[in-house]
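So this block is entry.pdb, PDB, C-alpha atoms:
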```pdb
MODEL        1
ATOM      1  CA  MET D  17       0.211   8.030 -16.450
ATOM      2  CA  GLN D  18      -0.635   4.389 -16.449
ATOM      3  CA  LEU D  19       0.265   1.454 -14.250
ATOM      4  CA  THR D  20       2.633   0.187 -16.958
ATOM      5  CA  ASP D  21       4.475   3.506 -17.057
ATOM      6  CA  ILE D  22       4.827   3.648 -13.290
ATOM      7  CA  GLN D  23       5.945   0.041 -12.930
ATOM      8  CA  TYR D  24       8.460   0.394 -15.755
ATOM      9  CA  SER D  25       9.762   3.652 -14.275
ATOM     10  CA  ILE D  26      10.255   2.046 -10.874
ATOM     11  CA  ILE D  27      12.073  -0.899 -12.445
ATOM     12  CA  GLN D  28      14.439   1.372 -14.361
ATOM     13  CA  HIS D  29      14.947   3.512 -11.264
ATOM     14  CA  LEU D  30      15.966   0.480  -9.212
ATOM     15  CA  ARG D  31      18.475  -0.590 -11.864
ATOM     16  CA  ALA D  32      20.605   2.378 -10.837
ATOM     17  CA  ILE D  33      21.570   0.675  -7.591
ATOM     18  CA  PRO D  34      25.174  -0.504  -8.025
ATOM     19  CA  GLY D  35      25.687  -4.231  -7.809
ATOM     20  CA  ILE D  36      22.155  -5.245  -8.777
ATOM     21  CA  VAL D  37      22.205  -7.942 -11.427
ATOM     22  CA  ASP D  38      18.637  -7.558 -12.651
ATOM     23  CA  VAL D  39      15.252  -6.070 -11.821
ATOM     24  CA  LEU D  40      12.444  -8.369 -12.927
ATOM     25  CA  TRP D  41       8.878  -7.587 -13.836
ATOM     26  CA  PHE D  42       6.693 -10.078 -12.011
ATOM     27  CA  TYR D  43       4.268 -12.195 -13.959
ATOM     28  CA  ASN D  44       2.447 -15.455 -13.164
ATOM     29  CA  GLY D  45       4.857 -18.225 -13.954
ATOM     30  CA  LEU D  46       8.054 -16.241 -13.388
ATOM     31  CA  THR D  47      10.712 -18.614 -12.062
ATOM     32  CA  LEU D  48      13.451 -17.374  -9.830
ATOM     33  CA  THR D  49      15.541 -20.539  -9.442
ATOM     34  CA  ASP D  50      19.160 -20.356 -10.614
ATOM     35  CA  ARG D  51      19.122 -16.625 -11.174
ATOM     36  CA  VAL D  52      22.263 -14.737 -10.222
ATOM     37  CA  LYS D  53      21.745 -12.687  -7.087
ATOM     38  CA  PRO D  54      21.219  -9.958  -5.949
ATOM     39  CA  PHE D  55      18.093  -9.152  -7.936
ATOM     40  CA  PHE D  56      14.748  -7.429  -7.420
ATOM     41  CA  VAL D  57      11.260  -8.467  -8.476
ATOM     42  CA  VAL D  58       8.603  -5.768  -8.860
ATOM     43  CA  GLU D  59       5.006  -6.941  -8.622
ATOM     44  CA  ASN D  60       1.894  -4.814  -8.830
ATOM     45  CA  MET D  61      -0.807  -5.220  -6.190
ATOM     46  CA  GLN D  62      -4.256  -3.747  -5.593
ATOM     47  CA  GLU D  63      -4.914  -0.357  -7.136
ATOM     48  CA  SER D  64      -7.455   1.868  -5.370
ATOM     49  CA  GLY D  65      -9.376   4.822  -6.667
ATOM     50  CA  GLU D  66     -11.301   7.380  -4.710
ATOM     51  CA  LYS D  67     -13.487  10.288  -5.654
ATOM     52  CA  LEU D  68     -12.067  13.422  -4.063
ATOM     53  CA  ALA D  69     -14.393  16.215  -5.002
ATOM     54  CA  ALA D  70     -18.137  16.455  -5.434
ATOM     55  CA  GLY D  71     -19.157  16.371  -9.052
ATOM     56  CA  ARG D  72     -16.405  13.857  -9.844
ATOM     57  CA  ASP D  73     -13.908  16.649 -10.481
ATOM     58  CA  ALA D  74     -10.923  14.859  -9.074
ATOM     59  CA  TYR D  75      -9.962  11.284  -8.328
ATOM     60  CA  GLN D  76      -7.124   9.918  -6.269
ATOM     61  CA  GLU D  77      -5.504   6.773  -7.645
ATOM     62  CA  THR D  78      -3.247   4.701  -5.432
ATOM     63  CA  PHE D  79      -0.894   2.261  -7.152
ATOM     64  CA  ARG D  80       0.713  -0.344  -4.968
ATOM     65  CA  PHE D  81       3.745  -2.519  -5.618
ATOM     66  CA  GLN D  82       5.651  -5.154  -3.754
ATOM     67  CA  VAL D  83       9.413  -5.177  -4.395
ATOM     68  CA  GLY D  84      11.062  -8.494  -3.555
ATOM     69  CA  ILE D  85      14.802  -8.471  -2.849
ATOM     70  CA  TYR D  86      16.833 -11.674  -3.211
ATOM     71  CA  ALA D  87      20.482 -11.857  -2.169
ATOM     72  CA  ASP D  88      23.276 -14.276  -1.368
ATOM     73  CA  SER D  89      24.005 -13.343   2.222
ATOM     74  CA  GLN D  90      22.498 -11.616   5.207
ATOM     75  CA  ASN D  91      24.881  -8.689   4.811
ATOM     76  CA  GLU D  92      23.931  -8.257   1.170
ATOM     77  CA  ILE D  93      20.187  -8.466   1.764
ATOM     78  CA  ASN D  94      20.369  -5.841   4.503
ATOM     79  CA  ARG D  95      22.386  -3.455   2.364
ATOM     80  CA  LYS D  96      20.377  -3.873  -0.821
ATOM     81  CA  ALA D  97      17.050  -3.514   0.975
ATOM     82  CA  GLN D  98      18.194  -0.312   2.624
ATOM     83  CA  GLU D  99      19.573   1.078  -0.639
ATOM     84  CA  ALA D 100      16.340   0.238  -2.427
ATOM     85  CA  LYS D 101      14.297   2.001   0.227
ATOM     86  CA  GLN D 102      16.461   5.115   0.062
ATOM     87  CA  ILE D 103      16.573   5.310  -3.719
ATOM     88  CA  LEU D 104      12.795   4.877  -3.882
ATOM     89  CA  ARG D 105      12.366   8.008  -1.792
ATOM     90  CA  LYS D 106      14.065  10.091  -4.464
ATOM     91  CA  GLN D 107      12.435  11.556  -7.528
ATOM     92  CA  ILE D 108      11.622   8.864 -10.099
ATOM     93  CA  THR D 109      11.683   9.726 -13.818
ATOM     94  CA  LEU D 110       8.366   8.877 -15.413
ATOM     95  CA  LEU D 111       8.902   6.859 -18.591
ATOM     96  CA  ASP D 112       6.127   6.844 -21.172
ATOM     97  CA  THR D 113       5.810   3.283 -22.469
ATOM     98  CA  SER D 114       3.208   3.893 -25.150
ATOM     99  CA  GLN D 115       5.900   4.047 -27.841
ATOM    100  CA  GLN D 116       8.423   1.420 -28.832
ATOM    101  CA  GLN D 117      11.207   3.489 -27.235
ATOM    102  CA  PRO D 118      10.095   4.687 -23.805
ATOM    103  CA  SER D 119      10.726   8.394 -23.350
ATOM    104  CA  ALA D 120      11.004  10.565 -20.289
ATOM    105  CA  ALA D 121       7.753  12.377 -19.543
ATOM    106  CA  GLY D 122       8.178  14.050 -16.187
ATOM    107  CA  PHE D 123       8.704  12.585 -12.757
ATOM    108  CA  PHE D 124       6.834  11.357  -9.702
ATOM    109  CA  TYR D 125       7.426  10.368  -6.119
ATOM    110  CA  ALA D 126       6.842   6.988  -4.508
ATOM    111  CA  ASP D 127       6.411   6.146  -0.834
ATOM    112  CA  PRO D 128       8.354   3.047   0.193
ATOM    113  CA  GLY D 129       7.016   1.294   3.283
ATOM    114  CA  ASP D 130       8.609  -1.070   5.761
ATOM    115  CA  ILE D 131      11.249  -3.643   4.870
ATOM    116  CA  VAL D 132       9.786  -7.042   5.788
ATOM    117  CA  PRO D 133      12.285  -9.910   6.002
ATOM    118  CA  VAL D 134      10.694 -13.268   5.218
ATOM    119  CA  LYS D 135      11.840 -16.468   6.856
ATOM    120  CA  LEU D 136      12.726 -19.681   5.091
ATOM    121  CA  ASP D 137      10.134 -22.427   4.829
ATOM    122  CA  ASP D 138      11.875 -25.054   2.721
ATOM    123  CA  PRO D 139      15.610 -25.525   3.457
ATOM    124  CA  THR D 140      16.222 -26.977  -0.006
ATOM    125  CA  ASP D 141      15.054 -23.793  -1.735
ATOM    126  CA  VAL D 142      18.422 -22.125  -2.198
ATOM    127  CA  THR D 143      17.068 -19.113  -4.077
ATOM    128  CA  SER D 144      14.985 -17.992  -1.163
ATOM    129  CA  ILE D 145      17.350 -18.174   1.766
ATOM    130  CA  HIS D 146      17.881 -14.418   1.982
ATOM    131  CA  ARG D 147      14.917 -12.339   0.943
ATOM    132  CA  SER D 148      12.964  -9.288   1.991
ATOM    133  CA  TYR D 149      10.046  -7.291   0.664
ATOM    134  CA  ILE D 150       9.239  -3.605   0.517
ATOM    135  CA  ASP D 151       5.748  -2.245  -0.142
ATOM    136  CA  VAL D 152       5.778   0.815  -2.394
ATOM    137  CA  THR D 153       2.821   3.165  -2.850
ATOM    138  CA  VAL D 154       2.343   5.790  -5.551
ATOM    139  CA  GLU D 155      -0.571   8.190  -5.064
ATOM    140  CA  ILE D 156      -1.645  10.519  -7.822
ATOM    141  CA  ILE D 157      -4.548  12.892  -8.192
ATOM    142  CA  ILE D 158      -6.249  13.017 -11.585
ATOM    143  CA  GLN D 159      -8.305  16.105 -12.254
ATOM    144  CA  ASP D 160     -11.254  16.446 -14.540
ATOM    145  CA  ASP D 161      -9.280  18.164 -17.295
ATOM    146  CA  GLY D 162      -6.749  15.349 -17.295
ATOM    147  CA  THR D 163      -3.926  17.019 -15.390
ATOM    148  CA  ILE D 164      -2.143  14.757 -12.980
ATOM    149  CA  ARG D 165      -0.494  15.895  -9.814
ATOM    150  CA  GLN D 166       0.745  14.467  -6.551
TER     151      GLN D 166
ATOM    152  CA  MET S  28     -17.214  42.419 -19.212
ATOM    153  CA  THR S  29     -15.666  40.754 -16.175
ATOM    154  CA  LEU S  30     -17.063  37.487 -14.966
ATOM    155  CA  ARG S  31     -16.914  36.901 -11.250
ATOM    156  CA  MET S  32     -16.802  33.335  -9.896
ATOM    157  CA  ARG S  33     -17.390  33.004  -6.196
ATOM    158  CA  VAL S  34     -15.805  30.079  -4.396
ATOM    159  CA  ARG S  35     -17.186  29.515  -0.944
ATOM    160  CA  VAL S  36     -17.273  26.800   1.656
ATOM    161  CA  GLU S  37     -20.316  27.025   3.870
ATOM    162  CA  GLY S  38     -21.020  25.541   7.216
ATOM    163  CA  THR S  39     -17.596  25.548   8.905
ATOM    164  CA  ALA S  40     -18.665  28.101  11.491
ATOM    165  CA  GLU S  41     -21.664  25.950  12.353
ATOM    166  CA  LEU S  42     -19.484  22.832  12.553
ATOM    167  CA  ALA S  43     -16.954  24.513  14.843
ATOM    168  CA  ARG S  44     -19.706  25.789  17.100
ATOM    169  CA  ALA S  45     -21.424  22.422  17.101
ATOM    170  CA  LEU S  46     -18.237  20.591  18.003
ATOM    171  CA  ARG S  47     -17.067  22.885  20.789
ATOM    172  CA  GLY S  48     -18.103  21.004  23.874
ATOM    173  CA  ARG S  49     -18.731  17.991  21.666
ATOM    174  CA  ARG S  50     -15.067  17.303  21.154
ATOM    175  CA  GLN S  51     -15.402  14.181  23.277
ATOM    176  CA  ALA S  52     -18.373  13.053  21.226
ATOM    177  CA  LEU S  53     -16.237  13.415  18.102
ATOM    178  CA  ILE S  54     -13.372  11.413  19.636
ATOM    179  CA  ASP S  55     -15.761   8.691  20.804
ATOM    180  CA  GLY S  56     -17.428   8.563  17.405
ATOM    181  CA  ILE S  57     -14.124   8.253  15.573
ATOM    182  CA  ASP S  58     -12.915   5.656  18.066
ATOM    183  CA  ARG S  59     -16.008   3.575  17.351
ATOM    184  CA  ASP S  60     -15.373   3.898  13.612
ATOM    185  CA  VAL S  61     -11.755   2.784  14.004
ATOM    186  CA  GLU S  62     -12.875  -0.215  16.068
ATOM    187  CA  THR S  63     -15.517  -1.396  13.618
ATOM    188  CA  THR S  64     -13.238  -0.800  10.628
ATOM    189  CA  THR S  65     -10.444  -2.806  12.274
ATOM    190  CA  LEU S  66     -12.711  -5.722  13.107
ATOM    191  CA  THR S  67     -14.017  -5.723   9.538
ATOM    192  CA  ALA S  68     -10.433  -5.775   8.251
ATOM    193  CA  ILE S  69      -9.583  -8.709  10.498
ATOM    194  CA  ASN S  70     -12.583 -10.676   9.248
ATOM    195  CA  GLU S  71     -11.756  -9.865   5.658
ATOM    196  CA  ALA S  72      -8.128 -10.936   6.108
ATOM    197  CA  ARG S  73      -9.246 -14.184   7.697
ATOM    198  CA  ALA S  74     -11.747 -14.914   4.939
ATOM    199  CA  ASN S  75      -9.126 -14.370   2.232
ATOM    200  CA  SER S  76      -6.203 -16.049   3.980
ATOM    201  CA  PRO S  77      -4.639 -19.305   2.773
ATOM    202  CA  TYR S  78      -6.265 -22.224   4.557
ATOM    203  CA  LYS S  79      -5.002 -25.684   5.410
ATOM    204  CA  THR S  80      -5.412 -26.454   9.093
ATOM    205  CA  GLY S  81      -6.714 -23.052  10.101
ATOM    206  CA  ASN S  82      -3.596 -22.274  12.129
ATOM    207  CA  LEU S  83      -2.700 -19.158  10.131
ATOM    208  CA  ARG S  84      -6.312 -18.024   9.923
ATOM    209  CA  ARG S  85      -6.979 -18.434  13.639
ATOM    210  CA  GLN S  86      -3.950 -16.356  14.554
ATOM    211  CA  ILE S  87      -5.031 -13.210  12.739
ATOM    212  CA  GLN S  88      -6.128 -11.129  15.684
ATOM    213  CA  LEU S  89      -6.548  -7.738  17.260
ATOM    214  CA  ILE S  90      -3.508  -6.649  19.300
ATOM    215  CA  THR S  91      -5.215  -5.572  22.497
ATOM    216  CA  GLN S  92      -2.110  -4.018  24.067
ATOM    217  CA  ASP S  93      -2.003  -1.436  21.279
ATOM    218  CA  THR S  94      -5.516  -0.139  21.843
ATOM    219  CA  LYS S  95      -5.518   3.636  22.277
ATOM    220  CA  PRO S  96      -8.122   6.334  21.579
ATOM    221  CA  MET S  97      -8.768   6.334  17.827
ATOM    222  CA  SER S  98      -6.061   3.740  17.256
ATOM    223  CA  ARG S  99      -6.046  -0.069  16.866
ATOM    224  CA  SER S 100      -3.508  -2.656  15.729
ATOM    225  CA  TRP S 101      -4.030  -6.108  14.291
ATOM    226  CA  GLY S 102      -1.738  -8.778  12.957
ATOM    227  CA  GLY S 103      -1.047 -12.391  12.075
ATOM    228  CA  PHE S 104       0.895 -14.429  14.614
ATOM    229  CA  ALA S 105       1.706 -17.715  12.911
ATOM    230  CA  GLU S 106       5.477 -17.822  12.141
ATOM    231  CA  TYR S 107       4.820 -18.232   8.438
ATOM    232  CA  THR S 108       2.260 -15.436   8.137
ATOM    233  CA  ALA S 109       4.734 -13.025   6.507
ATOM    234  CA  ARG S 110       5.843 -15.584   3.936
ATOM    235  CA  GLN S 111       2.256 -16.409   2.928
ATOM    236  CA  GLU S 112       1.385 -12.710   2.877
ATOM    237  CA  TYR S 113       4.122 -11.924   0.347
ATOM    238  CA  GLU S 114       4.568 -15.190  -1.527
ATOM    239  CA  HIS S 115       1.463 -17.358  -1.617
ATOM    240  CA  ARG S 116       0.755 -18.214  -5.221
ATOM    241  CA  SER S 117      -2.789 -16.904  -5.426
ATOM    242  CA  LYS S 118      -3.693 -15.384  -2.073
ATOM    243  CA  ARG S 119      -0.703 -13.139  -1.453
ATOM    244  CA  GLY S 120      -1.568  -9.763   0.001
ATOM    245  CA  PHE S 121      -4.580 -11.023   1.967
ATOM    246  CA  MET S 122      -3.755  -8.808   4.947
ATOM    247  CA  ARG S 123      -2.604  -5.764   3.013
ATOM    248  CA  ARG S 124      -5.729  -5.858   0.888
ATOM    249  CA  ALA S 125      -7.910  -5.858   4.003
ATOM    250  CA  GLN S 126      -5.905  -2.920   5.354
ATOM    251  CA  TRP S 127      -6.221  -0.938   2.117
ATOM    252  CA  ASN S 128      -9.969  -1.506   2.003
ATOM    253  CA  ALA S 129     -10.151  -0.483   5.649
ATOM    254  CA  ARG S 130      -8.585   2.852   4.741
ATOM    255  CA  ALA S 131     -11.382   3.636   2.300
ATOM    256  CA  ASN S 132     -14.051   2.398   4.738
ATOM    257  CA  LEU S 133     -12.650   4.478   7.572
ATOM    258  CA  ARG S 134     -12.727   7.674   5.538
ATOM    259  CA  ASP S 135     -16.382   7.126   4.706
ATOM    260  CA  ALA S 136     -17.264   6.231   8.293
ATOM    261  CA  ILE S 137     -15.576   9.324   9.752
ATOM    262  CA  GLN S 138     -17.301  11.511   7.202
ATOM    263  CA  GLN S 139     -20.656  10.099   8.321
ATOM    264  CA  THR S 140     -19.765  10.541  11.995
ATOM    265  CA  ILE S 141     -18.904  14.190  11.487
ATOM    266  CA  GLN S 142     -22.094  14.744   9.505
ATOM    267  CA  ARG S 143     -24.103  13.069  12.226
ATOM    268  CA  LEU S 144     -22.566  15.276  14.906
ATOM    269  CA  GLY S 145     -22.878  18.466  12.920
ATOM    270  CA  GLY S 146     -26.467  17.624  12.152
ATOM    271  CA  ARG S 147     -27.432  17.450  15.795
ATOM    272  CA  LEU S 148     -27.587  21.215  16.043
TER     273      LEU S 148
ENDMDL
END
```
Reformat the file's structure so that it appears as structure tokens.
Amino acid sequence: MQLTDIQYSIIQHLRAIPGIVDVLWFYNGLTLTDRVKPFFVVENMQESGEKLAAGRDAYQETFRFQVGIYADSQNEINRKAQEAKQILRKQITLLDTSQQQPSAAGFFYADPGDIVPVKLDDPTDVTSIHRSYIDVTVEIIIQDDGTIRQ
Amino acid sequence: MTLRMRVRVEGTAELARALRGRRQALIDGIDRDVETTTLTAINEARANSPYKTGNLRRQIQLITQDTKPMSRSWGGFAEYTARQEYEHRSKRGFMRRAQWNARANLRDAIQQTIQRLGGRL
């Protein structure tokens, strides 16, 4: 269960929200100008690991993401942010991306955090007039024999 | 032939006995840990924050009104703090990173506090 699998699974999970044009995978250099809204951008942040048991029997890994929501109006941003938060609370199918065709390989749960609306800095930046962010955390426990649980 | 594996946790009776009557010492110890961890997080957030005039950096502070036993709050008060936190090209997440590191530090600190109290038997 790698970061790539989890990020891809979250992206596919968010695509199920009706009315969303696209869910983008963030990378350095991604441009958002002139994209049709509403869309999401999923970016991975710091990943923490922690030893849970003496003798290194179990580790807890915490994956963190930041989901950016861009919309055309205040009404739309409020709705889409709320829908994203609610759908992220549900079971997410884990997609294994090690093969050319990703296949379902179980499921996991994510913990969405607060919805943070971000104010406009540059009035000429039309893409960014209505946007919010949600922090999403996925915590898994990896045991010595390789089994993964939450 | 059966093989018996014994799983046992030792020392909880001693810890409970040691902490009865030292409940306040435990609360004070944890409160101290929360305070030092929070101040470390604030310093870390400041050190990693975007810098131009220092306005954003200076306004990352402890929220004194939210101080309660074993609980502290801190935040950034410049109007554009949230935008820089989520969207700065290279330094985004400067406050969240400090908070996530604080979580790990706090766990370690509380573990040491409990050990220190239990050891004073």
Once the ChimeraX specification (/S :<9) & /D is applied to the coordinates I shared, what remains selected? I want it as a VMD selection string.
chain D and resid 44 61 to 62 64 66 82 84 132 to 137 149
Could you state which residues are captured by the PyMOL selection byres ((chain D and resi 111) around 10) in this file, as a PyMOL selection string?
chain D and resi 17+20-26+28+108-110+112-114+117-123
Interatomic distance (Å, one decimal) between CA of Ala74 (chain S) and CA of Lys118 (chain S):
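So the two atoms, CA of Ala74 (chain S) and CA of Lys118 (chain S), lie 10.7 Å apart.
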I'd like to see the residues matched by the PyMOL selection byres ((chain S and resi 103) around 6) on this file, and ideally I'd get them as a PyMOL selection string.
chain S and resi 86-87+102+104+108
Given the selection you just returned, output its residues as a file containing C-alpha atoms, formatted as a compact mmCIF listing (two decimals), in the frame of the given file.
```txt
# COMPACT_ATOMS: atom_id res chain seq x y z
CA GLN S 86 -3.95 -16.36 14.55
CA ILE S 87 -5.03 -13.21 12.74
CA GLY S 102 -1.74 -8.78 12.96
CA PHE S 104 0.90 -14.43 14.61
CA THR S 108 2.26 -15.44 8.14
```
Please indicate the distance in Å from CA of Tyr86 (chain D) to CA of Thr143 (chain D), rounded to one decimal place.
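These atoms are spaced 7.5 Å apart.
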Do you know which residues are at most 8 Å from Ile90 (chain S) counting all atoms listed in the file, after dropping those on the same chain fewer than 3 positions away, and could you put them as a PyMOL selection string?
chain S and resi 93-94+99-102
Taking only C-alpha atoms into account, which of D:Arg165, D:Lys96, D:Arg80, D:Arg147 comes nearest Glu59 (chain D)?
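Nearest to Glu59 (chain D): D:Arg80.
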Extract, using only C-alpha atoms, all DNA, RNA and protein residues at most 6 Å from region 87-93 of chain D, discarding same-chain residues fewer than 2 positions from it, and format them as a PyMOL selection string.
chain D and resi 53-54+95-97+146
Tell me, in Å to one decimal, how far CA of Leu104 (chain D) is from CA of Val37 (chain D).
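Between CA of Leu104 (chain D) and CA of Val37 (chain D) the gap is 17.6 Å.
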Who sits within 7 Å of Met97 (chain S), all atoms listed in the file, same chain under 5 positions skipped, as a list of chain:residue names:
S:Ile57, S:Asp58, S:Val61
Within 10 Å of Lys67 (chain D), counting all atoms listed in the file, which residues qualify if same-chain residues fewer than 3 places away don't, as a VMD selection string?
chain D and resid 70 to 77 157 to 158
Using only C-alpha atoms, which of the listed residues (S:Arg44, S:Ala129, S:Gln92, S:Leu53) sits closest to Arg143 (chain S)?
S:Leu53
Applying 6 Å and all atoms listed in the file, which residues near region 64-73 of chain S remain after dropping the ones on its own chain fewer than 4 positions away? List them as a PyMOL selection string.
chain S and resi 60+84+121-122+125+129
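Closest to Ser148 (chain D) among D:Val83, D:Ala69, D:Leu19, D:Leu30 is D:Val83, based on all atoms listed in the file.
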